[in-house]
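To start, the structure under review is shown below, and the notes come after it.
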Amino acid sequence: MRYLTAGESHGPQLTAIIEGVPAHLPLLKEDIDRELARRQKGYGRGRRMQIEKDQVQIKAGVRDGKTTGAPICLVVENKDWQHWRNIMSVEPLDEAHVGRKRVTRPRPGHADLNGAIKYAHRDMRNILERSSARETTIRVACGAVAKKLLRYFGMEVVGHVKQIGPVEASLDQLDQLSPQEIQRITEDSPVRCLDQEAAQKMMQVIDKAKAEGDSVGGIVEVIVYGVPVGLGSHVHWDWKLDGRLGQAVLSIQAFKGVEIGIGFEAGKRFGSQVQDEIAWSRERGYYRKTNRLGGLEGGMTNGMPIVIRGVMKPIPTLYKPLQSVDIDTKQPFEASVERSDSCAVPAACVVMENVVAWEVARAFCEKFGHDHIFEMKAHYERYLEEARTF
Ligand SMILES: Cc1cc2nc3c(=O)[nH]c(=O)nc-3n(C[C@H](O)[C@H](O)[C@H](O)COP(=O)(O)O)c2cc1C
Ligand SMILES: C=C(O[C@@H]1CC(C(=O)O)=C[C@@H](OP(=O)(O)O)[C@H]1O)C(=O)O
């Protein structure tokens with residue numbers, strides 16, 4: 001499976017073409033809209049989220065509520081485009097637009113200046129429109145298709161916010177919760193946090209950042225339940241699933257770090273406190289007594305849940321001015337802001353769930369084929385039995 005997306009933040013629409021989704025997978029518009037709506041929620045977002053009402057249009061590859069095996073085309077419209085039609089016009093500049101204001105003031109922490117130099121644009125709108133995290137909308141739409149595939153084979157991808165600014169959630173109960181319980185609790189939390197006391201403090205931190213014209217980041221954890229042994233491979237560097245998941249997570253706008261299992265903590269511990277001992281029982285077959293390595297060994301899944309965390313930096317656009325240099329005058333200026341999110345960690349949690357779902361689904365299709373789900377199912381069931389009795 002693979003996909004390509006196109007679309008600008010304030011252009012008419014975002015588009016994706018997905019290739020390689022097996023035929024006969026039940027897929028409804030509602031499956032995708034549910035994920036899109038989840039991504040739009042979350043405490044700390046700016047005014048743009050009140051304008052957009054993200055809904056997908058399935059333009060190809062699905063018939064009678066099922067995938068056909070043909071490429072799937074998804075479209076999500078940008079409602080805000082109505083206010084940007086002139087600025088985002090695809091026609092050549094006419095007399096009326098010749099004096100149109102260019103973006104000449106790069107924002108620290110954004111793609112603006114690097115992209116402008118690289119692509120030779122004196123109007124940095126040509127960079128910022130595509131670098132914007134608005135693009136995560138269509139990636140989530142693709143991830144929703146992947147989630148649907150994973151669910152068909154008994155896998156569930158859930159995420160929760162572990163930290164916002166200095167406030168950390170207490171996760172002592174996490175191991176006792178089912179994926180459905182995690183979903184239910186986080187869905188009711190404005191910051192997608194499992195610890196309600198911490199959630200209140202997280203919202204206070206977001207309020208404080210906003211009041212001070214600042215922004216705040218955090219840490220998100222995603223867990224994939226029901227994963228079989230053997231997705232990914234040890235044989236090539238770019239087949240390793242841990243590496244692929246890392247790339248997927250770091251490709252989310254503003255994500256600066258990724259950890260699998262105990263992650264960076266492993267550097268502080270002795271080996272006996274890091275590796276997961278192997279056990280066997282008639283019902284489960286092979287399993288690990290602990291899951292410190294987050295379900296991945298040798299670039300492959302080991303049958304334990306995948307546990308992966310990403311850190312999001314604070315939003316770069318601040319109401320409190322940051323210094324930069326105008327590319328026309330070369331003079332310093334202090335950035336002024338029209339609108340921005342103060343914290344997008346809860347939204348990014350949904351994005352991370354969906355990019356992780358995509359990568360796991362892709363590895364699943366590589367292992368079990370992807371012409372149609374019936375042959376995949378037969379192959380999968382046979383393999384599960386082989387793994388259990390191995
Ligand atoms: C869901 C989400 C919402 C975001 N909202 C904003 C925003 O309102 N303002 C902003 O300046 N950056 C926002 N960002 C972050 C920028 O898109 C990102 O920092 C920028 O594109 C530069 O990329 P980099 O931080 O990965 O280097 C958001 C990111 C995500 C994932
Ligand atoms: C539009 C979305 O996020 C946007 C991501 C973003 C950025 O710079 O990354 C900047 C903001 O956009 P605008 O400048 O239009 O207010 C966010 O609202 C979205 O998540 O759907």
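Each chain in the structure tokens gets a letter, A, B, ..., in the order shown, and its residues are numbered from 1; ligands are numbered from 1 in order too.
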What's the 10 Å shell around Lys210 of chain A, counting only C-alpha atoms, without same-chain residues fewer than 2 positions away, as number ranges by chain? A: 44, 204-208, 212-216, 318-320, 341-343
Using DSSP assignments from the backbone, pull out every residue in segment 256-312 of chain A that falls under strand (DSSP E) and give it to me as a PyMOL selection string. chain A and resi 256-260+278-281+285-288+296-297+300-302+306-312
Would you mind exporting the chosen residues as a PDB file, in the first residue's frame, restricted to N, CA and C atoms?
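Produced file out.pdb, reproduced below:
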```pdb
ATOM      1  N   LYS A 256       9.485  15.866  17.177  1.00  0.00           N
ATOM      2  CA  LYS A 256      10.951  15.998  17.257  1.00  0.00           C
ATOM      3  C   LYS A 256      11.643  14.795  17.844  1.00  0.00           C
ATOM      4  N   GLY A 257      10.886  13.818  18.327  1.00  0.00           N
ATOM      5  CA  GLY A 257      11.533  12.636  18.902  1.00  0.00           C
ATOM      6  C   GLY A 257      10.571  11.479  18.938  1.00  0.00           C
ATOM      7  N   VAL A 258      11.134  10.276  18.979  1.00  0.00           N
ATOM      8  CA  VAL A 258      10.290   9.091  19.004  1.00  0.00           C
ATOM      9  C   VAL A 258      10.959   8.038  19.880  1.00  0.00           C
ATOM     10  N   GLU A 259      10.137   7.271  20.602  1.00  0.00           N
ATOM     11  CA  GLU A 259      10.654   6.205  21.478  1.00  0.00           C
ATOM     12  C   GLU A 259       9.791   4.969  21.280  1.00  0.00           C
ATOM     13  N   ILE A 260      10.412   3.805  21.310  1.00  0.00           N
ATOM     14  CA  ILE A 260       9.647   2.555  21.246  1.00  0.00           C
ATOM     15  C   ILE A 260       9.858   1.815  22.559  1.00  0.00           C
ATOM     16  N   ILE A 278      11.324 -14.708  27.183  1.00  0.00           N
ATOM     17  CA  ILE A 278      10.391 -15.450  26.324  1.00  0.00           C
ATOM     18  C   ILE A 278       9.746 -16.582  27.116  1.00  0.00           C
ATOM     19  N   ALA A 279       8.420 -16.729  26.933  1.00  0.00           N
ATOM     20  CA  ALA A 279       7.699 -17.830  27.585  1.00  0.00           C
ATOM     21  C   ALA A 279       6.773 -18.482  26.563  1.00  0.00           C
ATOM     22  N   TRP A 280       6.232 -19.638  26.950  1.00  0.00           N
ATOM     23  CA  TRP A 280       5.332 -20.368  26.038  1.00  0.00           C
ATOM     24  C   TRP A 280       4.191 -20.977  26.836  1.00  0.00           C
ATOM     25  N   SER A 281       2.984 -20.921  26.299  1.00  0.00           N
ATOM     26  CA  SER A 281       1.871 -21.678  26.888  1.00  0.00           C
ATOM     27  C   SER A 281       1.053 -22.255  25.743  1.00  0.00           C
ATOM     28  N   GLY A 285       0.820 -19.807  22.840  1.00  0.00           N
ATOM     29  CA  GLY A 285       2.054 -20.030  22.084  1.00  0.00           C
ATOM     30  C   GLY A 285       3.161 -19.233  22.739  1.00  0.00           C
ATOM     31  N   TYR A 286       4.062 -18.643  21.949  1.00  0.00           N
ATOM     32  CA  TYR A 286       5.166 -17.852  22.515  1.00  0.00           C
ATOM     33  C   TYR A 286       4.674 -16.464  22.917  1.00  0.00           C
ATOM     34  N   TYR A 287       5.186 -15.971  24.027  1.00  0.00           N
ATOM     35  CA  TYR A 287       4.903 -14.580  24.402  1.00  0.00           C
ATOM     36  C   TYR A 287       6.062 -14.053  25.238  1.00  0.00           C
ATOM     37  N   ARG A 288       6.048 -12.752  25.486  1.00  0.00           N
ATOM     38  CA  ARG A 288       7.079 -12.152  26.333  1.00  0.00           C
ATOM     39  C   ARG A 288       6.487 -11.885  27.709  1.00  0.00           C
ATOM     40  N   LEU A 296       8.635  -4.829  19.522  1.00  0.00           N
ATOM     41  CA  LEU A 296       9.493  -4.905  18.330  1.00  0.00           C
ATOM     42  C   LEU A 296      10.883  -5.412  18.687  1.00  0.00           C
ATOM     43  N   GLU A 297      11.304  -6.464  18.027  1.00  0.00           N
ATOM     44  CA  GLU A 297      12.678  -6.982  18.168  1.00  0.00           C
ATOM     45  C   GLU A 297      13.181  -7.313  16.774  1.00  0.00           C
ATOM     46  N   MET A 300      11.098  -6.507  13.656  1.00  0.00           N
ATOM     47  CA  MET A 300       9.837  -7.232  13.447  1.00  0.00           C
ATOM     48  C   MET A 300       8.982  -7.180  14.703  1.00  0.00           C
ATOM     49  N   THR A 301       7.695  -7.306  14.497  1.00  0.00           N
ATOM     50  CA  THR A 301       6.807  -7.419  15.651  1.00  0.00           C
ATOM     51  C   THR A 301       7.035  -8.776  16.312  1.00  0.00           C
ATOM     52  N   ASN A 302       6.847  -8.812  17.659  1.00  0.00           N
ATOM     53  CA  ASN A 302       7.045 -10.089  18.366  1.00  0.00           C
ATOM     54  C   ASN A 302       5.743 -10.623  18.933  1.00  0.00           C
ATOM     55  N   ILE A 306       2.421  -3.115  20.149  1.00  0.00           N
ATOM     56  CA  ILE A 306       3.417  -2.099  19.777  1.00  0.00           C
ATOM     57  C   ILE A 306       3.158  -0.878  20.656  1.00  0.00           C
ATOM     58  N   VAL A 307       4.213  -0.376  21.304  1.00  0.00           N
ATOM     59  CA  VAL A 307       4.074   0.813  22.151  1.00  0.00           C
ATOM     60  C   VAL A 307       5.070   1.849  21.645  1.00  0.00           C
ATOM     61  N   ILE A 308       4.577   2.992  21.214  1.00  0.00           N
ATOM     62  CA  ILE A 308       5.452   4.000  20.598  1.00  0.00           C
ATOM     63  C   ILE A 308       5.030   5.389  21.067  1.00  0.00           C
ATOM     64  N   ARG A 309       6.027   6.220  21.355  1.00  0.00           N
ATOM     65  CA  ARG A 309       5.744   7.579  21.824  1.00  0.00           C
ATOM     66  C   ARG A 309       6.407   8.608  20.920  1.00  0.00           C
ATOM     67  N   GLY A 310       5.759   9.756  20.789  1.00  0.00           N
ATOM     68  CA  GLY A 310       6.339  10.854  20.020  1.00  0.00           C
ATOM     69  C   GLY A 310       6.281  12.130  20.838  1.00  0.00           C
ATOM     70  N   VAL A 311       7.291  12.986  20.667  1.00  0.00           N
ATOM     71  CA  VAL A 311       7.273  14.276  21.363  1.00  0.00           C
ATOM     72  C   VAL A 311       7.027  15.391  20.350  1.00  0.00           C
ATOM     73  N   MET A 312       6.072  16.244  20.695  1.00  0.00           N
ATOM     74  CA  MET A 312       5.729  17.379  19.826  1.00  0.00           C
ATOM     75  C   MET A 312       6.290  18.649  20.447  1.00  0.00           C
TER      76      MET A 312
END
```
What residues of the protein or nucleic acid chains come within 6 Å of ligand 1 when you use only C-alpha atoms and all ligand atoms? Reply as a ChimeraX atom specification. /A:109-111,131-133,252-255,315-317,340-341,344,347-348
Using only C-alpha atoms, determine which residues lie at most 7 Å from segment 356-359 of chain A, disregarding the query and same-chain residues fewer than 6 positions distant; provide the list as number ranges by chain. A: 143, 146-147, 157, 245, 248
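Counting only C-alpha atoms and comparing A:Leu113, A:Arg292, A:Gly263, A:Glu35, the residue that lies closest to Asp276 of chain A is A:Arg292.
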Among segment 8-241 of chain A, which ones does DSSP place in helix (DSSP H, G or I), written as a PyMOL selection string? chain A and resi 29-40+48-51+79-83+95-97+112-119+125-131+133-152+174-176+179-188+196-211+237-239+241
My list of candidates is A:Arg339, A:Lys289, A:Lys29, A:Lys53. Which is closest to ligand 2 when distances are computed with only C-alpha atoms and all ligand atoms?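 Of A:Arg339, A:Lys289, A:Lys29, A:Lys53, the one nearest ligand 2, counting only C-alpha atoms and all ligand atoms, is A:Arg339.
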Mind checking which residues fall within 9 Å of segment 328-333 of chain A, counting only C-alpha atoms, ignoring those fewer than 3 positions away in the same chain, and posting them as a ChimeraX atom specification? /A:104-105,122,321-325
Atom pair atom CA of Gly243 of chain A / atom CA of Val222 of chain A: separation (Å): 15.7 Å
Nearby residues (only C-alpha atoms) at most 9 Å from Val227 of chain A, same-chain spacing under 5 positions excluded, as a list in words: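 That gives Leu150, Gly154, Met155, Glu156, Gly295, Thr301, Asn302, Gly303, Met304, Pro305, Ile306 and Val360 of chain A.
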Near-Leu4 of chain A list (10 Å; only C-alpha atoms; drop same-chain fewer than 5 positions) as a list in words: Thr15, Ala16, Ile17, Ile18, Glu19, Cys73, Ile138, Arg139 and Cys142 of chain A
Just write the chosen residues, N, CA and C atoms, as a PDB file, in the first residue's frame.
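out.pdb was written with the following content:
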```pdb
ATOM      1  N   THR A  15      -6.372  16.199  -1.276  1.00  0.00           N
ATOM      2  CA  THR A  15      -6.696  15.007  -2.056  1.00  0.00           C
ATOM      3  C   THR A  15      -5.691  13.912  -1.723  1.00  0.00           C
ATOM      4  N   ALA A  16      -6.158  12.669  -1.698  1.00  0.00           N
ATOM      5  CA  ALA A  16      -5.232  11.530  -1.564  1.00  0.00           C
ATOM      6  C   ALA A  16      -5.601  10.461  -2.567  1.00  0.00           C
ATOM      7  N   ILE A  17      -4.583   9.810  -3.106  1.00  0.00           N
ATOM      8  CA  ILE A  17      -4.817   8.598  -3.883  1.00  0.00           C
ATOM      9  C   ILE A  17      -4.085   7.468  -3.173  1.00  0.00           C
ATOM     10  N   ILE A  18      -4.865   6.443  -2.803  1.00  0.00           N
ATOM     11  CA  ILE A  18      -4.310   5.306  -2.067  1.00  0.00           C
ATOM     12  C   ILE A  18      -4.292   4.104  -2.999  1.00  0.00           C
ATOM     13  N   GLU A  19      -3.144   3.439  -3.008  1.00  0.00           N
ATOM     14  CA  GLU A  19      -2.984   2.296  -3.905  1.00  0.00           C
ATOM     15  C   GLU A  19      -2.754   1.046  -3.055  1.00  0.00           C
ATOM     16  N   CYS A  73      -9.649   7.261  -4.151  1.00  0.00           N
ATOM     17  CA  CYS A  73      -9.412   8.711  -4.153  1.00  0.00           C
ATOM     18  C   CYS A  73     -10.267   9.356  -3.070  1.00  0.00           C
ATOM     19  N   ILE A 138      -5.668  14.964   5.622  1.00  0.00           N
ATOM     20  CA  ILE A 138      -5.806  13.943   4.587  1.00  0.00           C
ATOM     21  C   ILE A 138      -4.987  12.700   4.954  1.00  0.00           C
ATOM     22  N   ARG A 139      -3.921  12.898   5.720  1.00  0.00           N
ATOM     23  CA  ARG A 139      -3.173  11.717   6.187  1.00  0.00           C
ATOM     24  C   ARG A 139      -4.016  10.908   7.172  1.00  0.00           C
ATOM     25  N   CYS A 142      -6.421   8.786   5.223  1.00  0.00           N
ATOM     26  CA  CYS A 142      -5.763   7.552   4.740  1.00  0.00           C
ATOM     27  C   CYS A 142      -5.575   6.570   5.898  1.00  0.00           C
TER      28      CYS A 142
END
```
Point-to-point distance in Å for atom CA of Arg2 of chain A and atom CA of Asp80 of chain A: 28.4 Å
Compile the contact shell of segment 374-378 of chain A as a ChimeraX atom specification: residues with an atom at most 10 Å away, counting only C-alpha atoms, same-chain residues fewer than 3 positions apart removed. /A:22-25,152-153,364-365,367-371,381-383
Residue subset to file, keeping C-alpha atoms, as a PDB file, in the first residue's frame:
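Below you can see result18.pdb, which holds the result:
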```
ATOM      1  CA  PRO A  22      -7.340  -5.100  -0.737  1.00  0.00           C
ATOM      2  CA  ALA A  23     -10.718  -5.631  -2.384  1.00  0.00           C
ATOM      3  CA  HIS A  24     -13.894  -6.342  -0.361  1.00  0.00           C
ATOM      4  CA  LEU A  25     -12.882  -4.352   2.711  1.00  0.00           C
ATOM      5  CA  TYR A 152     -10.954  -6.402  10.245  1.00  0.00           C
ATOM      6  CA  PHE A 153      -8.041  -8.569  11.365  1.00  0.00           C
ATOM      7  CA  PHE A 364       0.468  -6.469   7.271  1.00  0.00           C
ATOM      8  CA  CYS A 365      -0.363  -6.341   3.542  1.00  0.00           C
ATOM      9  CA  LYS A 367       3.102 -10.238   4.792  1.00  0.00           C
ATOM     10  CA  PHE A 368      -0.360 -11.493   3.876  1.00  0.00           C
ATOM     11  CA  GLY A 369      -0.896 -10.179   0.320  1.00  0.00           C
ATOM     12  CA  HIS A 370      -3.356  -7.500  -0.658  1.00  0.00           C
ATOM     13  CA  ASP A 371      -5.488  -8.544  -3.625  1.00  0.00           C
ATOM     14  CA  GLU A 381      -5.451 -17.713  10.078  1.00  0.00           C
ATOM     15  CA  ARG A 382      -3.109 -20.409   8.805  1.00  0.00           C
ATOM     16  CA  TYR A 383      -0.096 -18.337   9.848  1.00  0.00           C
TER      17      TYR A 383
END
```
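Closest approach to Arg45 of chain A from the set A:Trp81, A:Gln176, A:Pro190, A:Arg63 is made by A:Pro190, with distances taken over only C-alpha atoms.
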In terms of only C-alpha atoms, the residue from A:Ala60, A:Arg125, A:Gly218, A:Pro92 at minimal distance from Pro106 of chain A is A:Arg125
Taking into account only C-alpha atoms, which residue in the set A:Gly11, A:Gly294, A:Gly226, A:Gly165 is nearest to Leu241 of chain A?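 With only C-alpha atoms as the atom set, the closest residue is A:Gly294.
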